[in-house]
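Participant: Quick one, input.cif (mmCIF, C-alpha atoms):
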data_run
#
loop_
_atom_site.label_atom_id
_atom_site.label_comp_id
_atom_site.auth_asym_id
_atom_site.auth_seq_id
_atom_site.Cartn_x
_atom_site.Cartn_y
_atom_site.Cartn_z
CA MET A 22 5.75 -6.78 22.48
CA SER A 23 2.67 -8.85 21.60
CA ASP A 24 3.09 -12.33 20.15
CA ILE A 25 1.72 -11.29 16.79
CA ASN A 26 4.25 -8.45 16.52
CA LYS A 27 7.05 -10.86 17.43
CA GLN A 28 5.79 -13.24 14.76
CA LEU A 29 5.62 -10.43 12.17
CA ASP A 30 9.09 -9.21 13.18
CA GLU A 31 10.43 -12.72 12.58
CA ILE A 32 8.84 -13.01 9.14
CA ILE A 33 10.04 -9.56 8.07
CA LYS A 34 13.55 -10.05 9.45
CA ASN A 35 14.02 -13.51 7.91
CA ASN A 36 12.88 -12.69 4.39
CA LYS A 37 14.68 -10.14 2.22
CA VAL A 38 11.56 -9.48 0.15
CA VAL A 39 8.20 -10.39 1.67
CA LEU A 40 4.73 -9.65 0.34
CA PHE A 41 1.75 -9.87 2.68
CA MET A 42 -1.03 -10.66 0.24
CA LYS A 43 -4.44 -12.27 -0.26
CA GLY A 44 -3.79 -15.66 -1.77
CA THR A 45 -0.41 -16.94 -2.94
CA PRO A 46 2.00 -15.68 -5.63
CA ASP A 47 0.78 -18.40 -7.97
CA MET A 48 -2.90 -18.17 -6.90
CA PRO A 49 -3.58 -14.57 -5.88
CA GLN A 50 -7.13 -13.97 -4.67
CA CYS A 51 -7.29 -10.20 -5.03
CA GLY A 52 -6.51 -7.93 -7.94
CA PHE A 53 -4.28 -5.62 -5.93
CA SER A 54 -2.25 -8.52 -4.48
CA MET A 55 -1.93 -9.99 -7.96
CA ALA A 56 -0.72 -6.68 -9.38
CA VAL A 57 2.16 -6.45 -6.89
CA ALA A 58 3.04 -10.15 -7.24
CA ASN A 59 3.12 -9.68 -11.03
CA VAL A 60 5.48 -6.69 -10.77
CA LEU A 61 7.87 -8.79 -8.65
CA LYS A 62 7.61 -11.73 -11.08
CA HIS A 63 8.18 -9.40 -14.04
CA LEU A 64 11.38 -8.14 -12.38
CA GLU A 65 12.28 -11.76 -11.54
CA VAL A 66 12.70 -10.87 -7.88
CA GLU A 67 12.71 -13.75 -5.42
CA PHE A 68 10.11 -13.07 -2.76
CA THR A 69 8.14 -14.75 0.01
CA GLY A 70 4.35 -14.55 -0.18
CA ILE A 71 2.44 -14.55 3.11
CA ASN A 72 -1.22 -15.41 2.58
CA VAL A 73 -3.07 -13.28 5.12
CA LEU A 74 -6.27 -15.18 4.35
CA ASP A 75 -4.76 -18.17 6.16
CA ASP A 76 -4.41 -16.29 9.46
CA GLU A 77 -6.80 -13.58 10.68
CA GLU A 78 -4.28 -12.49 13.36
CA ILE A 79 -1.64 -11.78 10.71
CA ARG A 80 -4.22 -10.10 8.46
CA ASN A 81 -5.13 -7.58 11.17
CA GLY A 82 -1.79 -7.49 12.95
CA ILE A 83 0.15 -6.39 9.89
CA LYS A 84 -2.12 -3.37 9.44
CA GLU A 85 -1.27 -2.11 12.90
CA TYR A 86 2.37 -3.11 12.60
CA SER A 87 2.85 -0.85 9.55
CA ASN A 88 0.06 1.65 10.26
CA TRP A 89 -1.31 0.77 6.83
CA PRO A 90 -4.99 -0.17 6.49
CA THR A 91 -4.92 -2.45 3.47
CA ILE A 92 -3.37 -5.55 1.92
CA PRO A 93 -1.06 -6.11 0.00
CA GLN A 94 1.98 -4.82 1.81
CA LEU A 95 5.54 -5.15 0.50
CA TYR A 96 8.64 -5.18 2.71
CA VAL A 97 12.20 -5.10 1.39
CA LYS A 98 15.00 -5.73 3.89
CA GLU A 99 12.67 -4.98 6.80
CA GLU A 100 11.50 -1.68 5.27
CA PHE A 101 7.83 -1.16 4.46
CA VAL A 102 7.80 -0.03 0.83
CA GLY A 103 4.08 0.32 0.19
CA GLY A 104 0.84 -1.14 -1.11
CA CYS A 105 -0.42 -1.62 -4.66
CA ASP A 106 -0.62 2.06 -5.67
CA ILE A 107 2.86 2.92 -4.46
CA ILE A 108 4.51 -0.19 -5.90
CA ARG A 109 2.88 0.38 -9.28
CA GLU A 110 3.92 4.06 -9.30
CA MET A 111 7.48 3.22 -8.21
CA PHE A 112 7.72 0.51 -10.88
CA GLU A 113 6.57 2.89 -13.63
CA LYS A 114 9.05 5.55 -12.47
CA LYS A 115 11.88 2.96 -12.13
CA GLU A 116 12.16 3.85 -8.42
CA LEU A 117 11.42 0.25 -7.42
CA GLN A 118 14.28 -1.02 -9.59
CA LYS A 119 16.55 1.61 -7.99
CA LEU A 120 15.47 0.47 -4.51
CA PHE A 121 16.30 -3.17 -5.33
CA GLN A 122 19.70 -2.08 -6.60
CA GLU A 123 20.43 -0.05 -3.46
CA LYS A 124 19.31 -2.92 -1.24
CA GLU A 125 21.36 -5.42 -3.27
CA ILE A 126 18.34 -7.47 -4.27
CA LYS A 127 18.77 -9.42 -7.51
CA TYR A 128 16.30 -8.34 -10.21
CA LYS A 129 16.08 -8.33 -14.01
CA ASN A 130 15.30 -5.07 -15.80
CA MET B 23 -21.61 -0.79 4.13
CA PRO B 24 -20.24 1.23 1.15
CA ILE B 25 -19.43 4.94 1.36
CA LYS B 26 -20.73 7.88 -0.66
CA GLN B 27 -18.28 9.81 -2.86
CA GLN B 28 -19.49 13.03 -1.26
CA GLU B 29 -18.53 11.73 2.19
CA ILE B 30 -14.98 11.04 0.97
CA GLU B 31 -14.78 14.57 -0.46
CA VAL B 32 -15.87 16.10 2.85
CA LEU B 33 -13.33 14.08 4.84
CA LEU B 34 -10.48 14.88 2.45
CA LYS B 35 -11.41 18.60 2.36
CA GLU B 36 -11.34 18.65 6.17
CA GLY B 37 -7.99 16.88 6.25
CA PHE B 38 -6.42 18.95 3.44
CA PRO B 39 -8.15 22.35 3.34
CA ASP B 40 -5.73 23.81 0.77
CA ALA B 41 -5.70 20.78 -1.51
CA ASP B 42 -6.79 20.27 -5.10
CA ILE B 43 -8.81 17.05 -4.89
CA GLU B 44 -10.06 14.93 -7.81
CA ILE B 45 -12.19 11.89 -7.01
CA GLN B 46 -13.53 9.37 -9.52
CA ASP B 47 -16.00 6.58 -8.91
CA LEU B 48 -14.39 3.56 -10.61
CA ALA B 49 -17.14 1.01 -10.35
CA GLY B 50 -20.37 2.80 -9.44
CA ASP B 51 -20.69 0.63 -6.35
CA ASP B 52 -19.65 3.25 -3.76
CA ASN B 53 -16.69 1.02 -2.95
CA HIS B 54 -14.03 1.61 -5.58
CA PHE B 55 -12.73 5.12 -6.09
CA SER B 56 -9.61 6.86 -7.29
CA ALA B 57 -8.40 10.11 -5.76
CA LYS B 58 -5.68 12.57 -6.65
CA ILE B 59 -4.69 15.00 -3.93
CA VAL B 60 -2.26 17.88 -4.40
CA SER B 61 -1.46 19.60 -1.11
CA SER B 62 1.31 21.65 0.48
CA GLN B 63 0.95 19.43 3.55
CA PHE B 64 2.79 16.67 1.69
CA LYS B 65 5.98 18.74 1.51
CA GLY B 66 9.00 16.80 2.74
CA LYS B 67 7.01 13.58 3.23
CA ASN B 68 7.71 10.38 1.33
CA ARG B 69 4.93 8.57 -0.51
CA VAL B 70 4.14 6.13 2.32
CA GLN B 71 3.81 9.02 4.78
CA GLN B 72 1.66 11.00 2.33
CA HIS B 73 -0.73 8.07 1.86
CA GLN B 74 -0.83 7.48 5.64
CA MET B 75 -1.89 11.13 6.07
CA VAL B 76 -4.75 10.53 3.63
CA TYR B 77 -5.84 7.35 5.43
CA LYS B 78 -5.80 9.28 8.69
CA ALA B 79 -8.04 11.98 7.17
CA LEU B 80 -10.44 9.20 6.14
CA LYS B 81 -10.84 8.36 9.83
CA GLY B 82 -10.57 4.58 9.66
CA LYS B 83 -12.90 4.15 6.67
CA MET B 84 -10.06 2.94 4.44
CA GLY B 85 -10.04 -0.83 4.21
CA GLY B 86 -13.44 -0.99 5.91
CA GLU B 87 -16.39 0.75 4.24
CA LEU B 88 -14.04 2.01 1.57
CA HIS B 89 -12.67 -1.13 -0.04
CA ALA B 90 -10.47 0.35 -2.73
CA LEU B 91 -9.02 3.81 -3.21
CA ALA B 92 -6.48 4.19 -5.99
CA LEU B 93 -4.46 7.04 -4.52
CA THR B 94 -2.10 9.55 -6.08
CA THR B 95 -0.56 12.27 -3.92
CA GLU B 96 1.55 15.26 -4.97
CA GLU B 97 3.22 18.19 -3.21
CA LYS B 98 1.85 21.63 -4.03
#
Show this structure as structure tokens.

Facilitator:
Amino acid sequence: MSDINKQLDEIIKNNKVVLFMKGTPDMPQCGFSMAVANVLKHLEVEFTGINVLDDEEIRNGIKEYSNWPTIPQLYVKEEFVGGCDIIREMFEKKELQKLFQEKEIKYKN
Amino acid sequence: MPIKQQEIEVLLKEGFPDADIEIQDLAGDDNHFSAKIVSSQFKGKNRVQQHQMVYKALKGKMGGELHALALTTEEK
């Protein structure tokens, strides 16, 4: 396994909720990344933000790792949940809240 | 290098011959589109898999020439 995949594995294994994004949760630098970060903040979910703009290898590596061509990417308990469209749709349909419940992730309705 | 709406339509039609496809140009800059695709090929697939099928049909243009595609997929 390549180094970058090992590194990504580590990040995803060691963080219950991790968002690969452009910018940081408090200073997002892309509308789509901000939208997902805002959904997580709204639900008061604790999450780790990985700023892909800081590391080109992570930025490209994560796309291959998940076979998903864009950023942001949300992982919950090592499972790839989706990008902006899917997270927004799941939030509106309360599926995201259900996922957090199933995965025993604290959130506020 | 942006992408023409027509080119997206052709790629999606090729990938999903039976689908109902609606594409909207969101910003008029050939870079931001929305697409709704209803196809029987999505049967039994979860949303991530459905979107991955669409990205595959777009032959690597997603995230490159095509910066933003607000995507909605539905089973037929």

Participant: Carefully work through the PyMOL selection byres ((chain A) within 12 of (chain B)) for this structure and note down the residues it includes, as a PyMOL selection string.

Facilitator: chain A and resi 51-53+80-81+84-85+87-95+100-111+116

Participant: Quick one: pull the distance between atom CA of A:Leu64 and atom CA of A:Lys98, Å, one decimal.

Facilitator: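 Atom-to-atom, atom CA of A:Leu64 to atom CA of A:Lys98, that is 16.8 Å.
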
Participant: Applied to the shown file, which residues does the PyMOL selection byres ((chain B and resi 48) around 12) return, written as a JSON list (two decimals) with C-alpha atoms, keeping the file's coordinate frame?

Facilitator:
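Below is the file out_2.json, written as the result:
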[["chain", "number", "residue", "atom", "x", "y", "z"],
["B", 27, "GLN", "CA", -18.28, 9.81, -2.86],
["B", 45, "ILE", "CA", -12.19, 11.89, -7.01],
["B", 46, "GLN", "CA", -13.53, 9.37, -9.52],
["B", 47, "ASP", "CA", -16.00, 6.58, -8.91],
["B", 49, "ALA", "CA", -17.14, 1.01, -10.35],
["B", 50, "GLY", "CA", -20.37, 2.80, -9.44],
["B", 51, "ASP", "CA", -20.69, 0.63, -6.35],
["B", 52, "ASP", "CA", -19.65, 3.25, -3.76],
["B", 53, "ASN", "CA", -16.69, 1.02, -2.95],
["B", 54, "HIS", "CA", -14.03, 1.61, -5.58],
["B", 55, "PHE", "CA", -12.73, 5.12, -6.09],
["B", 56, "SER", "CA", -9.61, 6.86, -7.29],
["B", 57, "ALA", "CA", -8.40, 10.11, -5.76],
["B", 89, "HIS", "CA", -12.67, -1.13, -0.04],
["B", 90, "ALA", "CA", -10.47, 0.35, -2.73],
["B", 91, "LEU", "CA", -9.02, 3.81, -3.21],
["B", 92, "ALA", "CA", -6.48, 4.19, -5.99]]

Participant: Kindly give the distance, in Å, that separates atom CA of A:Ala56 and atom CA of A:Tyr128, rounded to a single decimal.

Facilitator: 17.1 Å

Participant: Tell me which residues the PyMOL selection byres ((chain B and resi 39-41) around 9) grabs here, as a list in words.

Facilitator: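 Checked against the file, the PyMOL selection byres ((chain B and resi 39-41) around 9) matches Leu34, Lys35, Glu36, Gly37, Phe38, Asp42, Ile43, Ile59, Val60, Ser61, Ser62, Gln63 and Lys98 of chain B.
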
Participant: Could the residues in this selection be saved with C-alpha atoms as a short mmCIF file (atom, residue, chain, number, x, y, z; two decimals), in the coordinates of the input?

Facilitator:
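The resulting part_27.cif:
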data_model
loop_
_atom_site.label_atom_id
_atom_site.label_comp_id
_atom_site.auth_asym_id
_atom_site.auth_seq_id
_atom_site.Cartn_x
_atom_site.Cartn_y
_atom_site.Cartn_z
CA LEU B 34 -10.48 14.88 2.45
CA LYS B 35 -11.41 18.60 2.36
CA GLU B 36 -11.34 18.65 6.17
CA GLY B 37 -7.99 16.88 6.25
CA PHE B 38 -6.42 18.95 3.44
CA ASP B 42 -6.79 20.27 -5.10
CA ILE B 43 -8.81 17.05 -4.89
CA ILE B 59 -4.69 15.00 -3.93
CA VAL B 60 -2.26 17.88 -4.40
CA SER B 61 -1.46 19.60 -1.11
CA SER B 62 1.31 21.65 0.48
CA GLN B 63 0.95 19.43 3.55
CA LYS B 98 1.85 21.63 -4.03
#

Participant: One decimal, Å: what's the distance from atom CA of A:Val73 over to atom CA of A:Phe41, could you say?

Facilitator: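 We find that atom CA of A:Val73 and atom CA of A:Phe41 lie 6.4 Å from each other.
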
Participant: Determine, counting only C-alpha atoms, which protein, DNA and RNA residues have an atom within 12 Å of an atom of stretch 43-50 of chain A; residues of the same chain fewer than 3 positions away are not included. Present the result as a ChimeraX atom specification.

Facilitator: /A:39-40,53-62,66-77,79-80,91-94

Participant: Measuring atom to atom with only C-alpha atoms, identify which of B:Ile25, B:Glu31, B:Glu97, B:Glu44 is nearest to B:Lys67.

Facilitator: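 Nearest candidate to B:Lys67 out of B:Ile25, B:Glu31, B:Glu97, B:Glu44: B:Glu97.
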
Participant: Extract chain A from the structure I just pasted (atoms: C-alpha atoms) and return it as a PDB file, in the first residue's frame.

Facilitator:
ATOM      1  CA  MET A  22       0.000   0.000   0.000  1.00  0.00           C
ATOM      2  CA  SER A  23       1.392   3.417  -0.962  1.00  0.00           C
ATOM      3  CA  ASP A  24       2.443   5.855   1.750  1.00  0.00           C
ATOM      4  CA  ILE A  25      -0.367   8.242   0.948  1.00  0.00           C
ATOM      5  CA  ASN A  26      -2.967   5.488   1.328  1.00  0.00           C
ATOM      6  CA  LYS A  27      -1.412   4.491   4.656  1.00  0.00           C
ATOM      7  CA  GLN A  28      -1.574   8.119   5.747  1.00  0.00           C
ATOM      8  CA  LEU A  29      -5.217   8.415   4.648  1.00  0.00           C
ATOM      9  CA  ASP A  30      -6.069   5.128   6.365  1.00  0.00           C
ATOM     10  CA  GLU A  31      -4.587   6.502   9.592  1.00  0.00           C
ATOM     11  CA  ILE A  32      -6.559   9.742   9.408  1.00  0.00           C
ATOM     12  CA  ILE A  33      -9.822   7.957   8.615  1.00  0.00           C
ATOM     13  CA  LYS A  34      -9.320   5.270  11.263  1.00  0.00           C
ATOM     14  CA  ASN A  35      -8.358   7.722  14.016  1.00  0.00           C
ATOM     15  CA  ASN A  36     -11.199  10.190  13.566  1.00  0.00           C
ATOM     16  CA  LYS A  37     -14.832   9.198  14.032  1.00  0.00           C
ATOM     17  CA  VAL A  38     -16.047  11.998  11.767  1.00  0.00           C
ATOM     18  CA  VAL A  39     -13.564  13.483   9.300  1.00  0.00           C
ATOM     19  CA  LEU A  40     -14.190  15.986   6.526  1.00  0.00           C
ATOM     20  CA  PHE A  41     -11.639  16.382   3.756  1.00  0.00           C
ATOM     21  CA  MET A  42     -12.274  19.955   2.681  1.00  0.00           C
ATOM     22  CA  LYS A  43     -10.818  23.088   1.105  1.00  0.00           C
ATOM     23  CA  GLY A  44      -9.916  25.380   3.958  1.00  0.00           C
ATOM     24  CA  THR A  45     -10.757  24.781   7.616  1.00  0.00           C
ATOM     25  CA  PRO A  46     -14.100  24.409   9.437  1.00  0.00           C
ATOM     26  CA  ASP A  47     -13.803  27.986  10.665  1.00  0.00           C
ATOM     27  CA  MET A  48     -12.297  29.355   7.411  1.00  0.00           C
ATOM     28  CA  PRO A  49     -13.683  27.286   4.541  1.00  0.00           C
ATOM     29  CA  GLN A  50     -12.339  28.306   1.139  1.00  0.00           C
ATOM     30  CA  CYS A  51     -14.970  26.711  -1.082  1.00  0.00           C
ATOM     31  CA  GLY A  52     -18.737  26.927  -1.050  1.00  0.00           C
ATOM     32  CA  PHE A  53     -19.255  23.179  -1.172  1.00  0.00           C
ATOM     33  CA  SER A  54     -16.822  22.547   1.701  1.00  0.00           C
ATOM     34  CA  MET A  55     -18.513  25.293   3.696  1.00  0.00           C
ATOM     35  CA  ALA A  56     -21.954  23.794   3.074  1.00  0.00           C
ATOM     36  CA  VAL A  57     -20.943  20.421   4.534  1.00  0.00           C
ATOM     37  CA  ALA A  58     -19.052  21.999   7.451  1.00  0.00           C
ATOM     38  CA  ASN A  59     -22.147  24.093   8.207  1.00  0.00           C
ATOM     39  CA  VAL A  60     -24.417  21.028   8.234  1.00  0.00           C
ATOM     40  CA  LEU A  61     -22.082  19.359  10.758  1.00  0.00           C
ATOM     41  CA  LYS A  62     -21.939  22.526  12.883  1.00  0.00           C
ATOM     42  CA  HIS A  63     -25.719  22.866  12.734  1.00  0.00           C
ATOM     43  CA  LEU A  64     -26.059  19.304  14.054  1.00  0.00           C
ATOM     44  CA  GLU A  65     -23.350  20.086  16.636  1.00  0.00           C
ATOM     45  CA  VAL A  66     -21.325  17.081  15.501  1.00  0.00           C
ATOM     46  CA  GLU A  67     -17.690  16.992  16.552  1.00  0.00           C
ATOM     47  CA  PHE A  68     -15.553  16.505  13.461  1.00  0.00           C
ATOM     48  CA  THR A  69     -11.988  16.779  12.213  1.00  0.00           C
ATOM     49  CA  GLY A  70     -11.365  19.025   9.203  1.00  0.00           C
ATOM     50  CA  ILE A  71      -8.502  18.082   6.883  1.00  0.00           C
ATOM     51  CA  ASN A  72      -7.490  21.008   4.692  1.00  0.00           C
ATOM     52  CA  VAL A  73      -6.547  19.420   1.374  1.00  0.00           C
ATOM     53  CA  LEU A  74      -5.153  22.746   0.195  1.00  0.00           C
ATOM     54  CA  ASP A  75      -2.270  22.235   2.632  1.00  0.00           C
ATOM     55  CA  ASP A  76      -1.125  18.998   0.973  1.00  0.00           C
ATOM     56  CA  GLU A  77      -1.396  18.258  -2.758  1.00  0.00           C
ATOM     57  CA  GLU A  78      -0.712  14.540  -2.130  1.00  0.00           C
ATOM     58  CA  ILE A  79      -3.736  14.293   0.185  1.00  0.00           C
ATOM     59  CA  ARG A  80      -5.844  16.370  -2.210  1.00  0.00           C
ATOM     60  CA  ASN A  81      -5.251  13.927  -5.067  1.00  0.00           C
ATOM     61  CA  GLY A  82      -4.784  10.793  -2.998  1.00  0.00           C
ATOM     62  CA  ILE A  83      -8.190  11.017  -1.344  1.00  0.00           C
ATOM     63  CA  LYS A  84      -9.908  11.101  -4.737  1.00  0.00           C
ATOM     64  CA  GLU A  85      -8.372   7.787  -5.699  1.00  0.00           C
ATOM     65  CA  TYR A  86      -8.805   6.343  -2.216  1.00  0.00           C
ATOM     66  CA  SER A  87     -12.592   6.824  -2.376  1.00  0.00           C
ATOM     67  CA  ASN A  88     -13.008   6.749  -6.167  1.00  0.00           C
ATOM     68  CA  TRP A  89     -14.656  10.159  -5.843  1.00  0.00           C
ATOM     69  CA  PRO A  90     -13.435  13.018  -8.059  1.00  0.00           C
ATOM     70  CA  THR A  91     -14.215  16.036  -5.914  1.00  0.00           C
ATOM     71  CA  ILE A  92     -13.749  17.672  -2.526  1.00  0.00           C
ATOM     72  CA  PRO A  93     -15.341  17.809   0.082  1.00  0.00           C
ATOM     73  CA  GLN A  94     -15.547  14.223   1.229  1.00  0.00           C
ATOM     74  CA  LEU A  95     -17.134  13.120   4.512  1.00  0.00           C
ATOM     75  CA  TYR A  96     -16.215   9.921   6.354  1.00  0.00           C
ATOM     76  CA  VAL A  97     -18.074   8.617   9.405  1.00  0.00           C
ATOM     77  CA  LYS A  98     -16.495   5.717  11.302  1.00  0.00           C
ATOM     78  CA  GLU A  99     -14.289   4.871   8.317  1.00  0.00           C
ATOM     79  CA  GLU A 100     -17.233   4.849   5.890  1.00  0.00           C
ATOM     80  CA  PHE A 101     -17.301   7.254   2.954  1.00  0.00           C
ATOM     81  CA  VAL A 102     -20.686   8.980   3.206  1.00  0.00           C
ATOM     82  CA  GLY A 103     -20.507  11.394   0.284  1.00  0.00           C
ATOM     83  CA  GLY A 104     -19.770  14.855  -1.041  1.00  0.00           C
ATOM     84  CA  CYS A 105     -21.774  18.071  -0.834  1.00  0.00           C
ATOM     85  CA  ASP A 106     -24.816  16.953  -2.862  1.00  0.00           C
ATOM     86  CA  ILE A 107     -25.291  13.716  -0.978  1.00  0.00           C
ATOM     87  CA  ILE A 108     -24.753  15.230   2.476  1.00  0.00           C
ATOM     88  CA  ARG A 109     -27.215  18.022   1.741  1.00  0.00           C
ATOM     89  CA  GLU A 110     -29.818  15.553   0.424  1.00  0.00           C
ATOM     90  CA  MET A 111     -29.316  13.196   3.377  1.00  0.00           C
ATOM     91  CA  PHE A 112     -29.615  16.114   5.823  1.00  0.00           C
ATOM     92  CA  GLU A 113     -32.875  17.305   4.257  1.00  0.00           C
ATOM     93  CA  LYS A 114     -34.301  13.764   4.338  1.00  0.00           C
ATOM     94  CA  LYS A 115     -33.064  13.203   7.943  1.00  0.00           C
ATOM     95  CA  GLU A 116     -30.970  10.262   6.695  1.00  0.00           C
ATOM     96  CA  LEU A 117     -27.770  11.893   7.954  1.00  0.00           C
ATOM     97  CA  GLN A 118     -29.219  12.224  11.453  1.00  0.00           C
ATOM     98  CA  LYS A 119     -30.253   8.544  11.278  1.00  0.00           C
ATOM     99  CA  LEU A 120     -26.721   7.568  10.216  1.00  0.00           C
ATOM    100  CA  PHE A 121     -25.199   9.443  13.176  1.00  0.00           C
ATOM    101  CA  GLN A 122     -27.627   7.691  15.502  1.00  0.00           C
ATOM    102  CA  GLU A 123     -26.782   4.256  14.083  1.00  0.00           C
ATOM    103  CA  LYS A 124     -23.057   4.977  14.318  1.00  0.00           C
ATOM    104  CA  GLU A 125     -23.442   6.321  17.874  1.00  0.00           C
ATOM    105  CA  ILE A 126     -22.155   9.770  16.974  1.00  0.00           C
ATOM    106  CA  LYS A 127     -23.393  12.544  19.265  1.00  0.00           C
ATOM    107  CA  TYR A 128     -25.490  15.143  17.415  1.00  0.00           C
ATOM    108  CA  LYS A 129     -28.235  17.652  18.213  1.00  0.00           C
ATOM    109  CA  ASN A 130     -31.447  17.583  16.178  1.00  0.00           C
TER     110      ASN A 130
END
